[in-house]
Amino acid sequence: MGFDLRQVVAGILTITMFVMLGQMLHRDYYDSLQEKVQGDAQDIEFEGSKVAVKDGLVGTVEGSKGPWMEDNTDLNPCWPTLLSDEAVSSSSKGYVTFSLTNGPEYHISQITDAVMVAKHLGATLVLPDIRGSKPGDEKSFEDIYDADKLIKSLENVVKVVKQLPEEVSLRNIAIVKVPTRVTEDYIKEHIDSVFKSKGNIRVASYFPSVNLRKSSQDGETDPVACLAMFGSLELQPEVNAVAEAMVERLRTHSRKSGGRFIAVDLRIDVLEKKNCHTTGVTGSKTCYNAQEIALFLRKLGFASDTTIYLTQPRWDSSLNILKDIFPKTFTKEAIMPASKRSKYLETESSEYENVIDFYISSRSDVFVPAISGLFYANTVGKRIALGKPQVLVPAETSGLATDFISPYISKKNHLAYSCFC
């Protein structure tokens, strides 16, 4: 009795299909059982986007786009309707000078304080220089920021000039220290008399605190402060173009996730400081290393092909574990246009790098602060202004999705919420 070869092949294929079907059914049953053992999922609506919470972990909701959240464009600046229409005097009572120091996260507050002082004194504001951390590391304001934009934005608030007139002697300028978020009452009580006596002052901001939470004592935020903080400071065109080119390159690497990417503020020099490893008042950590960030992002449900930008100046071997889990992890030298590296990376000054980090962190689809501090606080403020509330704060354990979302956002207690409505 002979065998039909076609019948033999058909029989083998049939048996193979039954075996594969059995394996699939077993796996589906096992996965279903595992899900039931681990706990039921619940959906939570946040800032117009759905995220799923299961055992305290943020995951994907069916029909949603996973752990990514959409931008929120519902907020608009409140200050245009609150600013006075009174004309700015063309004749100055004197001049207010100041410097920008310590990076963009400080620059925002320093600009705001100087504008507030000049406005309430009726003085002319002089564009600041920019001073780095090293002696002699100085740049003009226009090297980094758009001077014309700042002058134009403040024209109905305070007169701004690019240079101090030659007839004004630096010896006759009194140095006045002011607490950041300086108020009109403080200016009247502590600065007005000095200004009337000297005619010209130099403002130096100090920071009693690096948090930017609203408080019940603050009352209404001065619209002048809102304008200065969120409507005056922009990068000059060339620097802006470099930063934007880097953002676009990160989006190119992120095609599978719709062009979305994560920015992580993680700097090795800060992590190595002793106080980085202590716990905060609430008992939570204040800094997270590369391994902890990698595990945190995987816990949230981000896929291994997610693109990540790090603020770390150059690649360090301690970051390798993050790249092992997320291969598309980059520091700025890997994504900056080659023609721009000599000017923006291969210099003694870090000012360009700092403002680029701030720009990218403010515009990424998700921002993760591995380090607490003013960079985190002012990045959140800028993101609120841009309608990007996706700020996820690392945590070792969590019971709700809101435990991962920055309290500045989930509790709407950032100072920015006083300026946008």
# chains A, B, ... in the order shown; residues from 1 in each chain; ligands from 1
$ residues_around --residues "Thr252 in chain A" --least-positions-apart "6" --cutoff "10 Å" --atoms "only C-alpha atoms" --output "number ranges by chain"
A: 246, 258-261, 307
$ write_last_selection --atoms "C-alpha atoms" --output "tab-separated table (two decimals), in the first residue's frame"
chain	number	residue	atom	x	y	z
A	246	MET	CA	18.73	68.24	18.80
A	258	GLY	CA	5.31	58.52	17.48
A	259	GLY	CA	8.36	60.78	17.83
A	260	ARG	CA	8.07	60.92	21.62
A	261	PHE	CA	11.10	60.94	23.91
A	307	THR	CA	14.47	57.31	23.32
$ select_by_dssp --residues "range 59-260 of chain A" --states "helix (DSSP H, G or I)" --output "compact mmCIF listing (two decimals) with C-alpha atoms, in the first residue's frame"
# COMPACT_ATOMS: atom_id res chain seq x y z
CA TRP A 79 -1.08 88.54 33.16
CA PRO A 80 -2.01 90.43 29.95
CA THR A 81 -5.39 91.40 31.44
CA PRO A 104 19.19 78.93 33.34
CA GLU A 105 17.27 77.63 36.34
CA TYR A 106 18.65 80.61 38.29
CA HIS A 107 18.50 83.04 35.38
CA ILE A 108 14.69 82.91 35.32
CA SER A 109 14.42 83.94 38.96
CA GLN A 110 17.18 86.56 38.66
CA ILE A 111 15.49 88.22 35.67
CA THR A 112 12.17 88.23 37.51
CA ASP A 113 13.62 89.81 40.66
CA ALA A 114 15.46 92.53 38.71
CA VAL A 115 12.36 93.42 36.67
CA MET A 116 10.25 93.62 39.82
CA VAL A 117 12.74 95.93 41.51
CA ALA A 118 13.14 98.22 38.47
CA LYS A 119 9.38 98.39 37.92
CA HIS A 120 8.48 99.36 41.47
CA LEU A 121 11.35 101.84 41.75
CA PHE A 141 23.41 88.55 27.44
CA GLU A 142 23.08 88.42 23.65
CA ASP A 143 25.50 85.47 23.38
CA ILE A 144 22.76 83.26 24.77
CA ALA A 147 17.82 90.77 23.83
CA ASP A 148 15.31 92.28 21.43
CA LYS A 149 12.64 89.82 22.55
CA LEU A 150 13.20 90.72 26.21
CA ILE A 151 13.16 94.47 25.57
CA LYS A 152 10.02 94.20 23.45
CA SER A 153 8.18 91.98 25.95
CA LEU A 170 30.30 101.88 38.99
CA ARG A 171 31.54 103.27 42.30
CA ASN A 172 28.21 104.97 42.87
CA GLU A 184 6.54 95.10 46.22
CA ASP A 185 6.28 95.41 50.02
CA TYR A 186 9.86 94.18 50.45
CA ILE A 187 11.09 96.66 47.83
CA LYS A 188 9.36 99.56 49.59
CA GLU A 189 10.69 98.58 52.99
CA HIS A 190 14.27 97.57 52.20
CA ILE A 191 15.33 98.92 48.80
CA ASP A 192 13.52 102.18 48.12
CA SER A 193 15.56 104.25 50.58
CA VAL A 194 18.86 102.89 49.25
CA PHE A 195 17.85 103.69 45.68
CA LYS A 196 16.82 107.25 46.58
CA SER A 197 20.13 107.76 48.36
CA LYS A 198 22.42 106.29 45.67
CA PRO A 223 1.48 90.08 36.92
CA VAL A 224 4.82 91.81 36.32
CA ALA A 225 6.58 88.82 37.91
CA CYS A 226 4.52 86.45 35.74
CA LEU A 227 5.49 88.31 32.57
CA ALA A 228 9.17 88.41 33.52
CA MET A 229 9.26 84.74 34.51
CA PHE A 230 7.32 83.23 31.62
CA PRO A 237 18.09 82.46 17.27
CA GLU A 238 21.33 80.51 16.69
CA VAL A 239 21.31 78.78 20.08
CA ASN A 240 17.58 78.10 19.71
CA ALA A 241 18.19 76.49 16.30
CA VAL A 242 20.87 74.18 17.71
CA ALA A 243 18.62 73.09 20.59
CA GLU A 244 15.68 72.56 18.25
CA ALA A 245 17.83 70.50 15.87
CA MET A 246 18.73 68.24 18.80
CA VAL A 247 15.06 67.85 19.72
CA GLU A 248 14.26 66.87 16.13
CA ARG A 249 17.08 64.33 16.08
CA LEU A 250 15.69 62.75 19.26
CA ARG A 251 12.25 62.58 17.64
CA THR A 252 13.79 60.91 14.58
CA ARG A 255 9.61 56.83 15.27
CA LYS A 256 8.14 53.70 16.89
CA SER A 257 6.71 55.82 19.73
$ closest_residue --among "A:Leu374, A:Ile293, A:Asp146, A:Leu386" --to "Asp74 in chain A" --atoms "only C-alpha atoms"
A:Leu386
$ closest_residue --among "A:Pro394, A:Thr97, A:Gly199, A:Ser133" --to "Lys162 in chain A" --atoms "only C-alpha atoms"
A:Thr97
$ select_by_dssp --residues "range 139-216 of chain A" --states "strand (DSSP E)" --output "list in words"
Lys139, Ser140, Val160, Val161, Ile173, Ala174, Ile175, Val176, Lys177, Val178, Pro179, Asn200, Ile201, Arg202, Val203, Ala204, Ser205 and Tyr206 of chain A
$ closest_residue --among "A:Pro165, A:Asn354, A:Leu297, A:Thr311" --to "Phe326 in chain A" --atoms "only C-alpha atoms"
A:Leu297
$ decode --residues "range 293-308 of chain A" --atoms "all heavy atoms" --output "compact mmCIF listing (two decimals), in the first residue's frame"
# COMPACT_ATOMS: atom_id res chain seq x y z
N ILE A 293 16.87 54.84 37.71
CA ILE A 293 16.04 55.48 36.69
C ILE A 293 15.58 54.44 35.66
O ILE A 293 14.42 54.44 35.24
CB ILE A 293 16.79 56.63 36.01
CG1 ILE A 293 17.00 57.78 36.99
CG2 ILE A 293 16.05 57.11 34.77
CD1 ILE A 293 15.72 58.43 37.48
N ALA A 294 16.49 53.57 35.25
CA ALA A 294 16.13 52.54 34.27
C ALA A 294 15.01 51.64 34.79
O ALA A 294 14.04 51.36 34.08
CB ALA A 294 17.37 51.71 33.93
N LEU A 295 15.14 51.19 36.03
CA LEU A 295 14.11 50.32 36.61
C LEU A 295 12.79 51.07 36.79
O LEU A 295 11.71 50.50 36.59
CB LEU A 295 14.60 49.76 37.95
CG LEU A 295 15.82 48.83 37.87
CD1 LEU A 295 16.27 48.42 39.26
CD2 LEU A 295 15.50 47.60 37.03
N PHE A 296 12.89 52.33 37.15
CA PHE A 296 11.68 53.14 37.32
C PHE A 296 10.92 53.27 36.00
O PHE A 296 9.70 53.08 35.94
CB PHE A 296 12.08 54.52 37.84
CG PHE A 296 10.95 55.53 37.88
CD1 PHE A 296 9.90 55.39 38.77
CD2 PHE A 296 10.96 56.61 37.01
CE1 PHE A 296 8.87 56.32 38.80
CE2 PHE A 296 9.93 57.54 37.04
CZ PHE A 296 8.88 57.40 37.94
N LEU A 297 11.63 53.56 34.92
CA LEU A 297 10.98 53.73 33.62
C LEU A 297 10.39 52.42 33.11
O LEU A 297 9.31 52.41 32.51
CB LEU A 297 11.98 54.30 32.61
CG LEU A 297 12.45 55.73 32.89
CD1 LEU A 297 13.51 56.15 31.88
CD2 LEU A 297 11.29 56.71 32.86
N ARG A 298 11.09 51.32 33.35
CA ARG A 298 10.54 50.01 32.94
C ARG A 298 9.31 49.69 33.77
O ARG A 298 8.32 49.13 33.26
CB ARG A 298 11.60 48.91 33.11
CG ARG A 298 12.71 48.96 32.10
CD ARG A 298 12.23 48.75 30.66
NE ARG A 298 11.87 47.37 30.41
CZ ARG A 298 10.85 46.99 29.64
NH1 ARG A 298 10.07 47.90 29.10
NH2 ARG A 298 10.61 45.72 29.44
N LYS A 299 9.33 50.06 35.06
CA LYS A 299 8.19 49.82 35.93
C LYS A 299 6.96 50.58 35.44
O LYS A 299 5.82 50.10 35.54
CB LYS A 299 8.54 50.24 37.36
CG LYS A 299 7.42 50.02 38.37
CD LYS A 299 7.90 50.27 39.80
CE LYS A 299 8.19 51.72 40.06
NZ LYS A 299 8.44 51.98 41.51
N LEU A 300 7.20 51.75 34.88
CA LEU A 300 6.09 52.55 34.37
C LEU A 300 5.52 52.00 33.07
O LEU A 300 4.42 52.36 32.67
CB LEU A 300 6.54 53.99 34.13
CG LEU A 300 6.90 54.82 35.36
CD1 LEU A 300 7.27 56.24 34.94
CD2 LEU A 300 5.76 54.85 36.34
N GLY A 301 6.27 51.13 32.41
CA GLY A 301 5.77 50.52 31.19
C GLY A 301 6.38 51.07 29.92
O GLY A 301 5.89 50.77 28.82
N PHE A 302 7.45 51.84 30.01
CA PHE A 302 8.11 52.33 28.80
C PHE A 302 8.88 51.19 28.14
O PHE A 302 9.59 50.44 28.81
CB PHE A 302 9.05 53.49 29.13
CG PHE A 302 8.32 54.77 29.45
CD1 PHE A 302 8.18 55.19 30.76
CD2 PHE A 302 7.75 55.53 28.44
CE1 PHE A 302 7.50 56.36 31.07
CE2 PHE A 302 7.07 56.70 28.74
CZ PHE A 302 6.94 57.11 30.05
N ALA A 303 8.74 51.08 26.82
CA ALA A 303 9.38 50.00 26.07
C ALA A 303 10.88 50.22 25.98
O ALA A 303 11.39 51.33 26.14
CB ALA A 303 8.77 49.93 24.67
N SER A 304 11.60 49.15 25.70
CA SER A 304 13.06 49.22 25.66
C SER A 304 13.58 50.06 24.50
O SER A 304 14.72 50.51 24.52
CB SER A 304 13.66 47.81 25.57
OG SER A 304 13.19 47.16 24.39
N ASP A 305 12.73 50.32 23.48
CA ASP A 305 13.18 51.15 22.37
C ASP A 305 12.83 52.63 22.56
O ASP A 305 12.93 53.43 21.64
CB ASP A 305 12.61 50.64 21.04
CG ASP A 305 11.09 50.71 20.99
OD1 ASP A 305 10.49 51.05 22.02
OD2 ASP A 305 10.52 50.42 19.92
N THR A 306 12.43 53.00 23.79
CA THR A 306 12.15 54.40 24.11
C THR A 306 13.43 55.23 24.01
O THR A 306 14.49 54.81 24.46
CB THR A 306 11.56 54.52 25.53
OG1 THR A 306 10.33 53.79 25.58
CG2 THR A 306 11.29 55.97 25.89
N THR A 307 13.32 56.41 23.43
CA THR A 307 14.47 57.31 23.32
C THR A 307 14.57 58.19 24.57
O THR A 307 13.57 58.75 25.02
CB THR A 307 14.32 58.21 22.08
OG1 THR A 307 14.26 57.38 20.91
CG2 THR A 307 15.49 59.17 21.95
N ILE A 308 15.79 58.27 25.11
CA ILE A 308 16.03 59.02 26.35
C ILE A 308 17.17 60.01 26.15
O ILE A 308 18.23 59.65 25.61
CB ILE A 308 16.36 58.06 27.51
CG1 ILE A 308 15.18 57.12 27.78
CG2 ILE A 308 16.71 58.84 28.78
CD1 ILE A 308 15.48 56.05 28.81
